[in-house]
Amino acid sequence: MSAATWGWLVLLFPLLGSIFLGLTFRVLPQRIAGLVGIGAIVAAFICGIAALISLQGEPHDSRHVASSLWEYASVGGFTIDLGVYVDPLSVFMVLVVTGVSSLIHIYSYSYMKSDAGYTRFFSYLNFFVFSMLLLVLAGNYVLLIVGWAFVGFASYALISFWYSRETATKAGMKAFVINVVGDIGLVLAAILIFRELGVIDYGAVFEAAPEAFSTNQWEVVAICLLLLVGAFAKSAQMPFHTWLADAMEGPTPVSALIHAATMVTAGVYLIARSHSLFELAPTAADIAAFVGLGTLLIAGTIAIVVTDLKRIIAFSTMSQIGYMFVAVGIGAYSAGMFHMMTHAFFKALLFMAAGSIISAMANMQDIDKMKGFRKAMPFTAAMLIIGALALSGFPGTSGWFSKDEIIDFASFRGGMYEWMAIGMMIGAFMTAIYSFRIIFRILPGKPCEEAQHLIDTGHVVHGEPVNPKTLEPEDTDVGYPGEHHHIAEQATGMKIGMSVLGFLALVGGLVQIPGVTEVVTHFLEPTFEDSAFVGLHPTVEQAWIGLGKGGLISLAGIATAWFLYIKRPDIPGKLMNTFRPLHTLFVNKWYGDELVDFLVVKPFKGFGSFSNRYFERYVIDGLTAGTTGFVRSAGVAVRDLQTGLLRGYAVLMLFGIVAMVLYFLIRSI
Amino acid sequence: MAIEWYIVLSAMLFAIGFIGVLVRRNPVVILLCLELMLSAGALSMLAFSRMLGDQDGQVMVLIVLVVAACEVVVGLGLVVAMFRRRLPLDVDEMKELKG
Amino acid sequence: MVEVAFFAGATGAIGGAIAVVALRNPFYSVLALVVHLVFLAGIFLLLRAQFLAAAQIVIYAGAVMVIYVFVAAYVGGIEEPKFDSSPQLRIIGPILAVALFIQISIAVLGSSLTALGTEGTAKVEAGFGTPEAIGKLMLEDFLIAFEAASVLLLIAAVAAIVLAGRKRESKAS
């Protein structure tokens with residue numbers, strides 16, 4: 001079977017799973033629902049591998065297959081096909097998405113066990129995977145937008161999964177609204193592409209673009225900037241980043257899957273896919289890189305000071321995606337995709353481990369209250385350490401190879417990109433600090449009472465169901481999280497998911513050792529062979545020097561963290577007091593929410609109330625009420641004619657006759 | 001006499017009849033005035049019949065006479081029914097059509 | 001000669017009509033209408049409608065007016081109440097009716113129909129207006145109208161009986 005057929009099958013299984021679970025969620029027993037959900041994604045993964053194999057069977061030059069099922073729309077001579085485009089980049093994304101998704105599904109099988117909305121969860125999760133696969137497999141910009149929008153919806157559905165919780169629903173709406181803003185940018189970009197080039201399929205667009213546009217012509221810059229708006233909103237880069245922190249209201253597997261490994265990387269995929277357009281508009285590519293750089297630094301500063309465990313990891317995600325944006329902005333496409341893959345591994349792992357710890361803490365997420373879990377939960381502790389090591393780029397882990405490949409390329413390009421490399425190194429230093437802040441705060445030391453309870457009784461402590469953010473009491477009915485919490489040590493599903501990811505986080509980097517393996521670069525070459533940067537990469541020696549520098553930075557960061565949180569735990573407090581304004585700025589997430597509120601929300605609200613008070617009340621109500629009032633008064637006037645008086649009616653008839661005869665008389669003159 | 005005299009006479013009788021319908025309140029008298037109007041119409045038909053030398057107008061007048069008779073019968077039957085039910089014999093009092 | 005007859009008939013007819021409208025007692029109005037009808041029959045004769053003149057007297061003044069007399073005797077006799085619910089109607093109605101009269105007069109007198117100025121066709125056939133001629137027309141050209149008129153009379157008779165029949169016990173007043 002051709003690669004395209006496997007591509008369609010990849011799309012089919014999660015969709016079927018989602019629909020099946022959605023229709024049967026009231027009657028299906030939990031176990032079966034979980035197995036169906038997992039099975040659908042595993043089937044998709046297998047089809048992805050089959051697509052990979054059949055694609056690699058093709059010769060190097062023609063490793064892309066486009067296949068269309070039917071005409072999606074045909075308007076005025078312009079046809080849009082429901083088509084997929086299977087090439088190394090999309091297959092790469094498919095494998096990462098389905099692979100990590102299957103592991104997270106296996107994790108959720110145990111983690112969500114006591115939740116009343118279990119089947120609904122798997123249905124939504126399958127739908128999300130389907131949408132993400134649609135996004136990466138789409139063969140034209142229109143289908144991409146369809147997948148983009150579906151992913152946004154799935155994200156909303158899953159963030160607000162515990163829909164009775166007001167903070168969750170608000171967070172879901174926030175994510176959705178910001179995503180829609182990005183969607184607008186994307187749609188405008190597609191419209192511009194069509195207007196300038198007349199085609200919308202990837203193949204046709206990328207062929208026509210170099211002939212139609214000169215470098216930095218304003219149309220192509222506009223297209224790329226609009227694409228960037230979409231990418232920033234979906235991947236939570238500045239200034240569209242405010243939704244990601246609140247998206248942690250969703251269940252932990254959701255955070256692991258959507259907001260770490262897959263959905264937020266859609267923006268990176270978009271830029272990598274449209275690299276031909278971005279290379280024609282270097283201004284836009286540079287903007288992408290700078291925004292990525294800024295985000296990674298700012299997010300890093302925030303992650304050092306916030307105290308909610310999931311939010312630290314969320315800001316870390318924001319920061320790492322900044323790295324990926326820098327990578328695809330400066331032309332290191334395969335490096336960016338490689339970092340995406342490794343990030344998926346270790347970030348999902350970190351979220352899973354965090355989920356386990358939060359369960360042990362009876363749904364509390366404040367790291368100030370967590371201590372001494374090393375003895376209480378050894379497996380989770382080990383996984384957490386592996387994830388943190390990979391995140392910091394500890395030598396030998398996957399993160400080390402991927403992060404430094406990006407930094408190397410930046411310094412290789414020289415000039416202003418050298419400064420970017422330095423910025424990224426500062427970011428890496430901060431990453432190491434905050435990753436090990438988590439480790440050194442939670443794991444060592446005297447166990448806190450929840451940990452002690454676990455050690456003593458072997459059971460998770462049972463807390464009253466409350467909203468972790470606002471601490472108001474809740475129910476455990478549908479729409480709220482379940483009563484029982486599951487930790488990795490006691491749940492097989494969680495263990496399996498986490499161990500596989502732990503293994504991949506450790507050894508996943510070995511596929512891209514400079515000068516030795518470079519599997520990813522070779523694999524993705526056919527997609528990027530029309531790029532200007534395809535031949536440019538640092539030499540092997542430069543690469544190893546860069547890796548060495550990276551390793552040193554990571555070790556330095558870990559050492560600093562050890563110093564701050566183990567050796568001299570009083571220093572963080574003193575630093576906080578000395579730099580109080582700076583600390584306040586960081587803790588309030590650089591006032592991002594307040595800025596958005598001031599710049600966007602308030603003007604809109606003001607416009608709305610202004611319209612209501614003046615336009616609506618006088619113009620629109622005036623028109624409608626005026627019309628109805630006029631008709632009513634006319635009715636009142638006419639009603640007065642209905643006197644019931646017989647003679648009155650006769651007079652009226654006579655009046656009519658006289659008028660008519662008068663008319664005829666006058667006419668005949 | 002020229003035919004137009006007859007027509008004008010007919011119009012005058014018609015108008016007088018109409019005034020009677022509009023001004024009087026006793027239903028019997030209103031019906032009488034209706035008869036006036038009908039006969040005025042009959043007069044004009046006869047005048048035109050004479051003008052054209054065609055006797056169809058006279059046949060029409062005969063039918064009009066028949067119709068008038070039927071109408072009187074029914075109308076007076078109504079008046080008698082009203083009287084039987086002790087309703088006031090005043091058209092101004094019959095205001096069910098009001099509003 | 002014809003003019004004299006015409007003016008006499010016209011005066012009588014108009015006088016009778018005004019009397020119908022103006023007299024307060026409904027019984028007197030009925031009698032005034034009878035007078036009017038007799039004078040109108042005279043005018044019919046001037047128009048060579050002998051049969052109809054006779055029919056008018058017999059049917060109209062004879063039968064129909066007798067019905068009126070009966071009903072007026074049974075019912076009538078009510079003096080008009082003084083209170084007028086809408087005094088405006090008393091003024092507007094007559095004004096409009098006079099306006100209608102003036103309009104029709106203008107239409108007729110100013111018409112370009114020259115035949116109106118004559119006495120009608122110079123020659124009429126011999127049996128114009130005789131019963132034979134009318135009968136022949138009714139039974140040949142206007143048979144359907146004739147039959148329909150008889151049906152109408154039947155219906156009217158039935159309706160009269162229904163309307164004025166005795167009150168049934170079930171019907172509340």
# chains A, B, ... in the order shown; residues from 1 in each chain; ligands from 1
>>> interface_residues(of="chain B", to="chain A", cutoff="6 Å", atoms="only C-alpha atoms", output="mmCIF file with N, CA and C atoms, in the first residue's frame")
data_model
loop_
_atom_site.group_PDB
_atom_site.id
_atom_site.type_symbol
_atom_site.label_atom_id
_atom_site.label_comp_id
_atom_site.auth_asym_id
_atom_site.auth_seq_id
_atom_site.Cartn_x
_atom_site.Cartn_y
_atom_site.Cartn_z
ATOM 1 N N LEU B 22 -78.735 57.125 6.602
ATOM 2 C CA LEU B 22 -77.671 57.572 7.504
ATOM 3 C C LEU B 22 -78.231 58.250 8.751
ATOM 4 N N ASP B 92 -78.306 52.214 16.741
ATOM 5 C CA ASP B 92 -77.149 52.690 17.483
ATOM 6 C C ASP B 92 -76.859 51.815 18.700
ATOM 7 N N LYS B 95 -74.087 47.381 19.074
ATOM 8 C CA LYS B 95 -72.685 47.751 18.902
ATOM 9 C C LYS B 95 -71.730 46.578 19.033
ATOM 10 N N LEU B 97 -70.159 45.097 16.973
ATOM 11 C CA LEU B 97 -69.005 45.184 16.092
ATOM 12 C C LEU B 97 -67.970 46.179 16.611
ATOM 13 N N LYS B 98 -68.192 46.732 17.776
ATOM 14 C CA LYS B 98 -67.289 47.765 18.247
ATOM 15 C C LYS B 98 -65.910 47.192 18.571
ATOM 16 N N GLY B 99 -64.894 47.970 18.300
ATOM 17 C CA GLY B 99 -63.533 47.580 18.666
ATOM 18 C C GLY B 99 -62.930 46.708 17.615
#
>>> interface_residues(of="chain C", to="chain A", cutoff="10 Å", atoms="only C-alpha atoms", output="compact mmCIF listing (two decimals) with N, CA and C atoms, in the first residue's frame")
# COMPACT_ATOMS: atom_id res chain seq x y z
N SER C 85 -76.11 59.52 19.61
CA SER C 85 -74.79 59.08 20.05
C SER C 85 -73.67 59.72 19.24
N SER C 86 -73.94 60.10 18.03
CA SER C 86 -72.85 60.78 17.31
C SER C 86 -73.46 61.90 16.47
N GLN C 88 -72.04 64.12 14.92
CA GLN C 88 -71.31 64.46 13.70
C GLN C 88 -71.93 63.77 12.49
N LEU C 89 -72.40 62.51 12.71
CA LEU C 89 -72.93 61.76 11.59
C LEU C 89 -74.12 62.48 10.96
N ARG C 90 -74.88 63.14 11.79
CA ARG C 90 -76.07 63.82 11.26
C ARG C 90 -75.69 64.86 10.24
N ILE C 92 -72.36 64.99 8.60
CA ILE C 92 -71.48 64.49 7.54
C ILE C 92 -72.26 63.68 6.54
N GLY C 93 -73.15 62.82 7.01
CA GLY C 93 -73.89 61.94 6.12
C GLY C 93 -74.61 62.72 5.04
N PRO C 94 -75.50 63.60 5.43
CA PRO C 94 -76.21 64.37 4.39
C PRO C 94 -75.28 65.12 3.45
N ILE C 95 -74.22 65.67 4.01
CA ILE C 95 -73.28 66.39 3.14
C ILE C 95 -72.72 65.46 2.07
N LEU C 96 -72.31 64.28 2.50
CA LEU C 96 -71.72 63.35 1.54
C LEU C 96 -72.75 62.91 0.52
N ALA C 97 -73.98 62.68 0.96
CA ALA C 97 -74.99 62.25 0.02
C ALA C 97 -75.27 63.31 -1.02
N VAL C 98 -75.36 64.56 -0.56
CA VAL C 98 -75.55 65.67 -1.51
C VAL C 98 -74.38 65.74 -2.47
N ALA C 99 -73.18 65.51 -1.94
CA ALA C 99 -72.00 65.52 -2.82
C ALA C 99 -72.14 64.45 -3.87
N LEU C 100 -72.63 63.29 -3.45
CA LEU C 100 -72.80 62.21 -4.43
C LEU C 100 -73.79 62.61 -5.51
N PHE C 101 -74.88 63.25 -5.10
CA PHE C 101 -75.88 63.68 -6.06
C PHE C 101 -75.29 64.66 -7.07
N ILE C 102 -74.53 65.60 -6.53
CA ILE C 102 -73.93 66.59 -7.42
C ILE C 102 -72.98 65.92 -8.40
N GLN C 103 -72.20 64.95 -7.89
CA GLN C 103 -71.26 64.29 -8.77
C GLN C 103 -71.98 63.57 -9.90
N ILE C 104 -73.07 62.84 -9.52
CA ILE C 104 -73.77 62.09 -10.56
C ILE C 104 -74.40 63.04 -11.57
N ILE C 106 -73.34 65.97 -12.42
CA ILE C 106 -72.28 66.47 -13.29
C ILE C 106 -71.94 65.41 -14.32
N ALA C 107 -71.84 64.18 -13.83
CA ALA C 107 -71.45 63.11 -14.75
C ALA C 107 -72.48 62.98 -15.86
N GLY C 110 -72.87 66.48 -17.98
CA GLY C 110 -71.67 66.81 -18.76
C GLY C 110 -71.20 65.66 -19.61
N SER C 111 -72.00 64.64 -19.69
CA SER C 111 -71.53 63.47 -20.41
C SER C 111 -71.53 63.72 -21.90
>>> residues_around(residues="Glu196 of chain A", least_positions_apart="3", cutoff="9 Å", atoms="only C-alpha atoms", output="ChimeraX atom specification")
/A:191-193,199,209,212-213,219-220
>>> write_last_selection(atoms="C-alpha atoms", output="PDB file, in the first residue's frame")
ATOM      1  CA  ILE A 191      -6.413  34.056   1.796  1.00  0.00           C
ATOM      2  CA  LEU A 192      -3.345  36.087   0.922  1.00  0.00           C
ATOM      3  CA  ILE A 193      -1.560  32.998  -0.348  1.00  0.00           C
ATOM      4  CA  VAL A 199      -3.177  27.838  -5.444  1.00  0.00           C
ATOM      5  CA  ALA A 209       6.343  31.044  -4.368  1.00  0.00           C
ATOM      6  CA  ALA A 212       6.029  34.962  -7.664  1.00  0.00           C
ATOM      7  CA  PHE A 213       7.797  36.760  -4.853  1.00  0.00           C
ATOM      8  CA  GLU A 219       3.121  40.386   0.359  1.00  0.00           C
ATOM      9  CA  VAL A 220       5.190  37.403   1.366  1.00  0.00           C
TER      10      VAL A 220
END
>>> interface_residues(of="chain B", to="chain C", cutoff="6 Å", atoms="only C-alpha atoms", output="MDAnalysis selection string")
chainID B and resid 1:4 8 11 15 19:20 22:23 50:51 53 70 74 77 80:81 85
>>> write_last_selection(atoms="N, CA and C atoms", output="PDB file, in the first residue's frame")
ATOM      1  N   MET B   1     -89.544  64.495 -22.599  1.00  0.00           N
ATOM      2  CA  MET B   1     -88.455  64.982 -21.734  1.00  0.00           C
ATOM      3  C   MET B   1     -87.164  64.278 -22.084  1.00  0.00           C
ATOM      4  N   ALA B   2     -86.146  64.974 -22.076  1.00  0.00           N
ATOM      5  CA  ALA B   2     -84.843  64.353 -22.323  1.00  0.00           C
ATOM      6  C   ALA B   2     -84.533  63.368 -21.196  1.00  0.00           C
ATOM      7  N   ILE B   3     -83.804  62.373 -21.616  1.00  0.00           N
ATOM      8  CA  ILE B   3     -83.569  61.294 -20.656  1.00  0.00           C
ATOM      9  C   ILE B   3     -82.828  61.805 -19.433  1.00  0.00           C
ATOM     10  N   GLU B   4     -81.986  62.817 -19.646  1.00  0.00           N
ATOM     11  CA  GLU B   4     -81.148  63.215 -18.517  1.00  0.00           C
ATOM     12  C   GLU B   4     -81.977  63.728 -17.343  1.00  0.00           C
ATOM     13  N   VAL B   8     -81.314  62.508 -13.527  1.00  0.00           N
ATOM     14  CA  VAL B   8     -81.057  63.425 -12.410  1.00  0.00           C
ATOM     15  C   VAL B   8     -82.092  63.206 -11.311  1.00  0.00           C
ATOM     16  N   ALA B  11     -81.084  60.248  -9.422  1.00  0.00           N
ATOM     17  CA  ALA B  11     -79.969  60.541  -8.516  1.00  0.00           C
ATOM     18  C   ALA B  11     -80.476  61.255  -7.270  1.00  0.00           C
ATOM     19  N   ALA B  15     -80.107  59.961  -3.465  1.00  0.00           N
ATOM     20  CA  ALA B  15     -79.428  60.712  -2.409  1.00  0.00           C
ATOM     21  C   ALA B  15     -80.335  60.882  -1.210  1.00  0.00           C
ATOM     22  N   ILE B  19     -79.618  59.605   2.540  1.00  0.00           N
ATOM     23  CA  ILE B  19     -79.653  60.451   3.747  1.00  0.00           C
ATOM     24  C   ILE B  19     -80.525  59.785   4.802  1.00  0.00           C
ATOM     25  N   GLY B  20     -81.639  59.238   4.333  1.00  0.00           N
ATOM     26  CA  GLY B  20     -82.514  58.573   5.288  1.00  0.00           C
ATOM     27  C   GLY B  20     -81.828  57.427   5.991  1.00  0.00           C
ATOM     28  N   LEU B  22     -78.735  57.125   6.602  1.00  0.00           N
ATOM     29  CA  LEU B  22     -77.671  57.572   7.504  1.00  0.00           C
ATOM     30  C   LEU B  22     -78.231  58.250   8.751  1.00  0.00           C
ATOM     31  N   VAL B  23     -79.410  58.847   8.622  1.00  0.00           N
ATOM     32  CA  VAL B  23     -79.841  59.730   9.702  1.00  0.00           C
ATOM     33  C   VAL B  23     -80.803  59.039  10.660  1.00  0.00           C
ATOM     34  N   ARG B  50     -85.395  53.079 -22.128  1.00  0.00           N
ATOM     35  CA  ARG B  50     -86.125  53.910 -23.088  1.00  0.00           C
ATOM     36  C   ARG B  50     -85.163  54.583 -24.054  1.00  0.00           C
ATOM     37  N   MET B  51     -84.019  54.944 -23.527  1.00  0.00           N
ATOM     38  CA  MET B  51     -83.074  55.650 -24.387  1.00  0.00           C
ATOM     39  C   MET B  51     -82.553  54.724 -25.487  1.00  0.00           C
ATOM     40  N   GLY B  53     -84.048  51.924 -26.425  1.00  0.00           N
ATOM     41  CA  GLY B  53     -85.086  51.181 -27.106  1.00  0.00           C
ATOM     42  C   GLY B  53     -85.001  49.697 -26.860  1.00  0.00           C
ATOM     43  N   CYS B  70     -87.903  40.255  -1.615  1.00  0.00           N
ATOM     44  CA  CYS B  70     -87.253  39.266  -0.734  1.00  0.00           C
ATOM     45  C   CYS B  70     -86.485  39.949   0.370  1.00  0.00           C
ATOM     46  N   VAL B  74     -86.941  39.472   4.464  1.00  0.00           N
ATOM     47  CA  VAL B  74     -85.902  39.032   5.412  1.00  0.00           C
ATOM     48  C   VAL B  74     -85.620  40.126   6.435  1.00  0.00           C
ATOM     49  N   GLY B  77     -88.280  40.365   8.885  1.00  0.00           N
ATOM     50  CA  GLY B  77     -88.198  39.202   9.772  1.00  0.00           C
ATOM     51  C   GLY B  77     -87.177  39.447  10.868  1.00  0.00           C
ATOM     52  N   VAL B  80     -88.627  41.799  13.414  1.00  0.00           N
ATOM     53  CA  VAL B  80     -89.581  41.109  14.296  1.00  0.00           C
ATOM     54  C   VAL B  80     -88.837  40.266  15.310  1.00  0.00           C
ATOM     55  N   ALA B  81     -87.775  39.597  14.852  1.00  0.00           N
ATOM     56  CA  ALA B  81     -86.998  38.779  15.794  1.00  0.00           C
ATOM     57  C   ALA B  81     -86.398  39.650  16.874  1.00  0.00           C
ATOM     58  N   ARG B  85     -87.166  39.473  20.989  1.00  0.00           N
ATOM     59  CA  ARG B  85     -86.158  39.284  22.011  1.00  0.00           C
ATOM     60  C   ARG B  85     -85.970  40.510  22.894  1.00  0.00           C
TER      61      ARG B  85
END
>>> select_by_dssp(residues="segment 18-147 of chain A", states="helix (DSSP H, G or I)", output="PDB file with C-alpha atoms, in the first residue's frame")
ATOM      1  CA  SER A  18     -13.452   9.089  19.285  1.00  0.00           C
ATOM      2  CA  ILE A  19     -16.828   8.637  17.603  1.00  0.00           C
ATOM      3  CA  PHE A  20     -17.336   5.179  19.076  1.00  0.00           C
ATOM      4  CA  LEU A  21     -16.519   6.324  22.570  1.00  0.00           C
ATOM      5  CA  GLY A  22     -18.601   9.422  22.146  1.00  0.00           C
ATOM      6  CA  LEU A  23     -21.666   7.423  21.187  1.00  0.00           C
ATOM      7  CA  THR A  24     -21.352   4.715  23.813  1.00  0.00           C
ATOM      8  CA  GLN A  30     -14.499   1.815  31.936  1.00  0.00           C
ATOM      9  CA  ARG A  31     -11.957  -0.826  31.092  1.00  0.00           C
ATOM     10  CA  ILE A  32     -13.240  -1.331  27.579  1.00  0.00           C
ATOM     11  CA  ALA A  33     -13.358   2.395  26.954  1.00  0.00           C
ATOM     12  CA  GLY A  34      -9.771   2.772  28.024  1.00  0.00           C
ATOM     13  CA  LEU A  35      -8.651  -0.142  25.885  1.00  0.00           C
ATOM     14  CA  VAL A  36     -10.519   1.161  22.840  1.00  0.00           C
ATOM     15  CA  GLY A  37      -8.952   4.566  23.300  1.00  0.00           C
ATOM     16  CA  ILE A  38      -5.464   3.155  23.674  1.00  0.00           C
ATOM     17  CA  GLY A  39      -6.007   0.721  20.814  1.00  0.00           C
ATOM     18  CA  ALA A  40      -7.025   3.436  18.389  1.00  0.00           C
ATOM     19  CA  ILE A  41      -3.866   5.409  18.985  1.00  0.00           C
ATOM     20  CA  VAL A  42      -1.617   2.370  18.918  1.00  0.00           C
ATOM     21  CA  ALA A  43      -3.189   1.368  15.610  1.00  0.00           C
ATOM     22  CA  ALA A  44      -2.469   4.839  14.304  1.00  0.00           C
ATOM     23  CA  PHE A  45       1.115   4.543  15.473  1.00  0.00           C
ATOM     24  CA  ILE A  46       1.503   1.238  13.664  1.00  0.00           C
ATOM     25  CA  CYS A  47       0.086   2.757  10.500  1.00  0.00           C
ATOM     26  CA  GLY A  48       2.497   5.615  10.933  1.00  0.00           C
ATOM     27  CA  ILE A  49       5.382   3.182  11.030  1.00  0.00           C
ATOM     28  CA  ALA A  50       4.016   1.466   7.940  1.00  0.00           C
ATOM     29  CA  ALA A  51       3.829   4.828   6.216  1.00  0.00           C
ATOM     30  CA  LEU A  52       7.415   5.470   7.247  1.00  0.00           C
ATOM     31  CA  ILE A  53       8.568   2.188   5.798  1.00  0.00           C
ATOM     32  CA  SER A  54       6.728   2.646   2.551  1.00  0.00           C
ATOM     33  CA  LEU A  55       7.993   6.205   2.266  1.00  0.00           C
ATOM     34  CA  GLN A  56      11.587   5.206   2.812  1.00  0.00           C
ATOM     35  CA  HIS A  60      15.206  10.239  -2.293  1.00  0.00           C
ATOM     36  CA  ASP A  61      13.845  12.827  -4.672  1.00  0.00           C
ATOM     37  CA  SER A  62      10.258  11.786  -4.707  1.00  0.00           C
ATOM     38  CA  PRO A  88       9.243  12.851   5.902  1.00  0.00           C
ATOM     39  CA  LEU A  89       8.224  15.868   7.942  1.00  0.00           C
ATOM     40  CA  SER A  90       4.620  14.793   8.334  1.00  0.00           C
ATOM     41  CA  VAL A  91       5.568  11.189   9.020  1.00  0.00           C
ATOM     42  CA  PHE A  92       8.013  12.405  11.655  1.00  0.00           C
ATOM     43  CA  MET A  93       5.298  14.414  13.343  1.00  0.00           C
ATOM     44  CA  VAL A  94       2.848  11.531  13.039  1.00  0.00           C
ATOM     45  CA  LEU A  95       5.219   9.157  14.758  1.00  0.00           C
ATOM     46  CA  VAL A  96       6.014  11.553  17.574  1.00  0.00           C
ATOM     47  CA  VAL A  97       2.375  12.459  18.103  1.00  0.00           C
ATOM     48  CA  THR A  98       1.004   8.942  18.002  1.00  0.00           C
ATOM     49  CA  GLY A  99       3.910   7.487  19.931  1.00  0.00           C
ATOM     50  CA  VAL A 100       3.757   9.920  22.808  1.00  0.00           C
ATOM     51  CA  SER A 101      -0.040   9.854  22.703  1.00  0.00           C
ATOM     52  CA  SER A 102      -0.186   6.097  23.101  1.00  0.00           C
ATOM     53  CA  LEU A 103       2.024   6.329  26.138  1.00  0.00           C
ATOM     54  CA  ILE A 104      -0.103   9.071  27.617  1.00  0.00           C
ATOM     55  CA  HIS A 105      -3.250   7.077  26.885  1.00  0.00           C
ATOM     56  CA  ILE A 106      -1.750   4.153  28.760  1.00  0.00           C
ATOM     57  CA  TYR A 107      -0.911   6.515  31.610  1.00  0.00           C
ATOM     58  CA  SER A 108      -4.451   7.902  31.634  1.00  0.00           C
ATOM     59  CA  TYR A 109      -5.899   4.420  31.700  1.00  0.00           C
ATOM     60  CA  SER A 110      -4.819   4.253  35.331  1.00  0.00           C
ATOM     61  CA  TYR A 111      -4.626   7.907  36.272  1.00  0.00           C
ATOM     62  CA  TYR A 118     -13.602   8.514  32.065  1.00  0.00           C
ATOM     63  CA  THR A 119     -15.017   7.501  28.694  1.00  0.00           C
ATOM     64  CA  ARG A 120     -15.720  11.103  27.745  1.00  0.00           C
ATOM     65  CA  PHE A 121     -12.052  11.813  28.495  1.00  0.00           C
ATOM     66  CA  PHE A 122     -10.828   9.156  26.127  1.00  0.00           C
ATOM     67  CA  SER A 123     -13.240  10.250  23.446  1.00  0.00           C
ATOM     68  CA  TYR A 124     -11.966  13.816  23.665  1.00  0.00           C
ATOM     69  CA  LEU A 125      -8.379  12.646  23.789  1.00  0.00           C
ATOM     70  CA  ASN A 126      -8.829  10.514  20.686  1.00  0.00           C
ATOM     71  CA  PHE A 127     -10.485  13.396  18.924  1.00  0.00           C
ATOM     72  CA  PHE A 128      -7.560  15.569  19.832  1.00  0.00           C
ATOM     73  CA  VAL A 129      -5.094  13.098  18.384  1.00  0.00           C
ATOM     74  CA  PHE A 130      -7.183  12.891  15.238  1.00  0.00           C
ATOM     75  CA  SER A 131      -7.179  16.659  14.873  1.00  0.00           C
ATOM     76  CA  MET A 132      -3.462  16.920  15.464  1.00  0.00           C
ATOM     77  CA  LEU A 133      -2.817  14.223  12.877  1.00  0.00           C
ATOM     78  CA  LEU A 134      -5.128  16.021  10.469  1.00  0.00           C
ATOM     79  CA  LEU A 135      -3.125  19.161  11.026  1.00  0.00           C
ATOM     80  CA  VAL A 136       0.201  17.533  10.266  1.00  0.00           C
ATOM     81  CA  LEU A 137      -1.025  15.367   7.427  1.00  0.00           C
ATOM     82  CA  TYR A 141      -3.577  25.214   3.866  1.00  0.00           C
ATOM     83  CA  VAL A 142      -7.329  24.918   4.102  1.00  0.00           C
ATOM     84  CA  LEU A 143      -7.273  21.455   5.612  1.00  0.00           C
ATOM     85  CA  LEU A 144      -4.478  22.645   7.871  1.00  0.00           C
ATOM     86  CA  ILE A 145      -6.782  25.339   9.169  1.00  0.00           C
ATOM     87  CA  VAL A 146      -9.496  22.737   9.691  1.00  0.00           C
ATOM     88  CA  GLY A 147      -7.132  20.610  11.748  1.00  0.00           C
TER      89      GLY A 147
END
>>> atom_distance(atom1="atom CA of Gly185 of chain A", atom2="atom CA of Phe278 of chain A")
15.5 Å
>>> residues_around(residues="Ile30 of chain B", least_positions_apart="5", cutoff="8 Å", atoms="only C-alpha atoms", output="list in words")
Gly20, Val21, Arg24 and Arg25 of chain B
>>> write_last_selection(atoms="N, CA and C atoms", output="mmCIF file, in the first residue's frame")
data_model
loop_
_atom_site.group_PDB
_atom_site.id
_atom_site.type_symbol
_atom_site.label_atom_id
_atom_site.label_comp_id
_atom_site.auth_asym_id
_atom_site.auth_seq_id
_atom_site.Cartn_x
_atom_site.Cartn_y
_atom_site.Cartn_z
ATOM 1 N N GLY B 20 -81.639 59.238 4.333
ATOM 2 C CA GLY B 20 -82.514 58.573 5.288
ATOM 3 C C GLY B 20 -81.828 57.427 5.991
ATOM 4 N N VAL B 21 -81.069 56.628 5.245
ATOM 5 C CA VAL B 21 -80.366 55.499 5.868
ATOM 6 C C VAL B 21 -79.374 56.001 6.908
ATOM 7 N N ARG B 24 -81.640 58.158 10.129
ATOM 8 C CA ARG B 24 -82.664 57.560 10.987
ATOM 9 C C ARG B 24 -82.109 56.404 11.785
ATOM 10 N N ARG B 25 -82.751 56.157 12.937
ATOM 11 C CA ARG B 25 -82.256 55.110 13.830
ATOM 12 C C ARG B 25 -83.218 53.955 13.988
#
